[in-house]
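Let me begin by presenting the structure, written as structure tokens, before commenting on it.
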Amino acid sequence: MSDNHGNTPAAWTAVVVALAGFVVGGIGLMVGSMVLFWVGVALAPLALIVLAVLNKMGYGTSRH
């Protein structure tokens, strides 16, 4: 198991993007804006893409 327990720039960036997606989507639901809701929904899978790209760039954990 890695020593950093997932505390990498790649992981934190993905968490922030996913959290922003949930917040934007939640605000969209509360104010009744379906456009804002779908923008939030689109940000959630974007977090996985960001994580994969940053891992490939070397900002994730190194596997031995």
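All residue names refer to the structure tokens as shown: chains lettered A, B, ... in order, residues numbered from 1 in each chain, ligands numbered from 1 in order.
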DSSP says alpha helix (DSSP H) for which residues of chain A? Put them as a ChimeraX atom specification?
/A:9-31,34-56
Residues of the last selection are to be written out with N, CA and C atoms, as a compact mmCIF listing (two decimals), in the first residue's frame.
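The result, written out as again24.txt:
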```
# COMPACT_ATOMS: atom_id res chain seq x y z
N PRO A 9 -1.60 15.30 -5.56
CA PRO A 9 -2.24 16.40 -6.28
C PRO A 9 -3.32 15.91 -7.24
N ALA A 10 -3.11 14.77 -7.87
CA ALA A 10 -4.12 14.23 -8.79
C ALA A 10 -5.41 13.89 -8.06
N ALA A 11 -5.29 13.24 -6.93
CA ALA A 11 -6.49 12.85 -6.17
C ALA A 11 -7.22 14.07 -5.64
N TRP A 12 -6.48 15.01 -5.09
CA TRP A 12 -7.14 16.20 -4.54
C TRP A 12 -7.82 17.03 -5.62
N THR A 13 -7.19 17.14 -6.78
CA THR A 13 -7.80 17.89 -7.88
C THR A 13 -9.09 17.23 -8.33
N ALA A 14 -9.07 15.91 -8.43
CA ALA A 14 -10.28 15.18 -8.83
C ALA A 14 -11.38 15.36 -7.80
N VAL A 15 -11.05 15.34 -6.54
CA VAL A 15 -12.05 15.52 -5.48
C VAL A 15 -12.65 16.92 -5.55
N VAL A 16 -11.82 17.93 -5.78
CA VAL A 16 -12.32 19.30 -5.87
C VAL A 16 -13.24 19.47 -7.07
N VAL A 17 -12.88 18.88 -8.21
CA VAL A 17 -13.73 18.99 -9.40
C VAL A 17 -15.06 18.28 -9.16
N ALA A 18 -15.02 17.08 -8.57
CA ALA A 18 -16.25 16.33 -8.28
C ALA A 18 -17.12 17.09 -7.28
N LEU A 19 -16.50 17.64 -6.25
CA LEU A 19 -17.26 18.40 -5.26
C LEU A 19 -17.90 19.64 -5.88
N ALA A 20 -17.16 20.30 -6.75
CA ALA A 20 -17.73 21.46 -7.46
C ALA A 20 -18.92 21.02 -8.31
N GLY A 21 -18.83 19.86 -8.94
CA GLY A 21 -19.95 19.35 -9.72
C GLY A 21 -21.18 19.11 -8.87
N PHE A 22 -21.00 18.50 -7.71
CA PHE A 22 -22.13 18.26 -6.82
C PHE A 22 -22.73 19.55 -6.29
N VAL A 23 -21.88 20.51 -5.97
CA VAL A 23 -22.38 21.80 -5.47
C VAL A 23 -23.15 22.54 -6.56
N VAL A 24 -22.58 22.60 -7.76
CA VAL A 24 -23.25 23.28 -8.86
C VAL A 24 -24.57 22.59 -9.19
N GLY A 25 -24.55 21.27 -9.24
CA GLY A 25 -25.78 20.52 -9.50
C GLY A 25 -26.83 20.73 -8.42
N GLY A 26 -26.40 20.75 -7.18
CA GLY A 26 -27.33 20.98 -6.07
C GLY A 26 -27.92 22.38 -6.10
N ILE A 27 -27.10 23.36 -6.40
CA ILE A 27 -27.62 24.73 -6.52
C ILE A 27 -28.60 24.82 -7.68
N GLY A 28 -28.26 24.15 -8.78
CA GLY A 28 -29.17 24.13 -9.93
C GLY A 28 -30.53 23.54 -9.58
N LEU A 29 -30.53 22.49 -8.76
CA LEU A 29 -31.80 21.90 -8.34
C LEU A 29 -32.58 22.85 -7.42
N MET A 30 -31.87 23.53 -6.53
CA MET A 30 -32.55 24.41 -5.58
C MET A 30 -33.16 25.63 -6.25
N VAL A 31 -32.48 26.18 -7.25
CA VAL A 31 -33.00 27.37 -7.91
C VAL A 31 -33.87 27.03 -9.10
N MET A 34 -32.39 23.86 -14.74
CA MET A 34 -31.95 22.56 -15.24
C MET A 34 -30.62 22.66 -15.99
N VAL A 35 -30.35 23.81 -16.58
CA VAL A 35 -29.06 23.99 -17.26
C VAL A 35 -27.92 23.91 -16.25
N LEU A 36 -28.09 24.60 -15.13
CA LEU A 36 -27.08 24.57 -14.08
C LEU A 36 -26.94 23.16 -13.50
N PHE A 37 -28.04 22.48 -13.36
CA PHE A 37 -28.02 21.10 -12.86
C PHE A 37 -27.20 20.21 -13.80
N TRP A 38 -27.44 20.31 -15.11
CA TRP A 38 -26.72 19.46 -16.06
C TRP A 38 -25.26 19.84 -16.18
N VAL A 39 -24.92 21.09 -15.93
CA VAL A 39 -23.51 21.48 -15.89
C VAL A 39 -22.83 20.76 -14.71
N GLY A 40 -23.52 20.72 -13.58
CA GLY A 40 -23.00 19.99 -12.42
C GLY A 40 -22.87 18.51 -12.69
N VAL A 41 -23.84 17.93 -13.38
CA VAL A 41 -23.77 16.51 -13.73
C VAL A 41 -22.59 16.24 -14.66
N ALA A 42 -22.31 17.15 -15.55
CA ALA A 42 -21.19 16.97 -16.48
C ALA A 42 -19.84 17.07 -15.78
N LEU A 43 -19.77 17.78 -14.68
CA LEU A 43 -18.50 17.92 -13.97
C LEU A 43 -18.10 16.64 -13.24
N ALA A 44 -19.05 15.82 -12.84
CA ALA A 44 -18.72 14.61 -12.08
C ALA A 44 -17.84 13.64 -12.89
N PRO A 45 -18.22 13.24 -14.11
CA PRO A 45 -17.31 12.37 -14.86
C PRO A 45 -16.04 13.08 -15.30
N LEU A 46 -16.09 14.39 -15.40
CA LEU A 46 -14.89 15.15 -15.74
C LEU A 46 -13.81 14.95 -14.67
N ALA A 47 -14.23 14.75 -13.43
CA ALA A 47 -13.27 14.52 -12.35
C ALA A 47 -12.47 13.25 -12.60
N LEU A 48 -13.11 12.21 -13.13
CA LEU A 48 -12.40 10.97 -13.44
C LEU A 48 -11.39 11.18 -14.57
N ILE A 49 -11.77 11.98 -15.54
CA ILE A 49 -10.86 12.27 -16.65
C ILE A 49 -9.66 13.07 -16.15
N VAL A 50 -9.92 14.06 -15.31
CA VAL A 50 -8.84 14.87 -14.73
C VAL A 50 -7.90 13.97 -13.92
N LEU A 51 -8.46 13.06 -13.15
CA LEU A 51 -7.64 12.14 -12.36
C LEU A 51 -6.75 11.28 -13.25
N ALA A 52 -7.31 10.74 -14.31
CA ALA A 52 -6.54 9.89 -15.21
C ALA A 52 -5.42 10.68 -15.89
N VAL A 53 -5.74 11.88 -16.35
CA VAL A 53 -4.73 12.70 -17.03
C VAL A 53 -3.60 13.08 -16.07
N LEU A 54 -3.97 13.50 -14.87
CA LEU A 54 -2.93 13.90 -13.91
C LEU A 54 -2.09 12.70 -13.46
N ASN A 55 -2.71 11.54 -13.36
CA ASN A 55 -1.93 10.34 -13.04
C ASN A 55 -0.93 10.04 -14.14
N LYS A 56 -1.34 10.16 -15.38
CA LYS A 56 -0.43 9.93 -16.51
C LYS A 56 0.70 10.95 -16.54
```
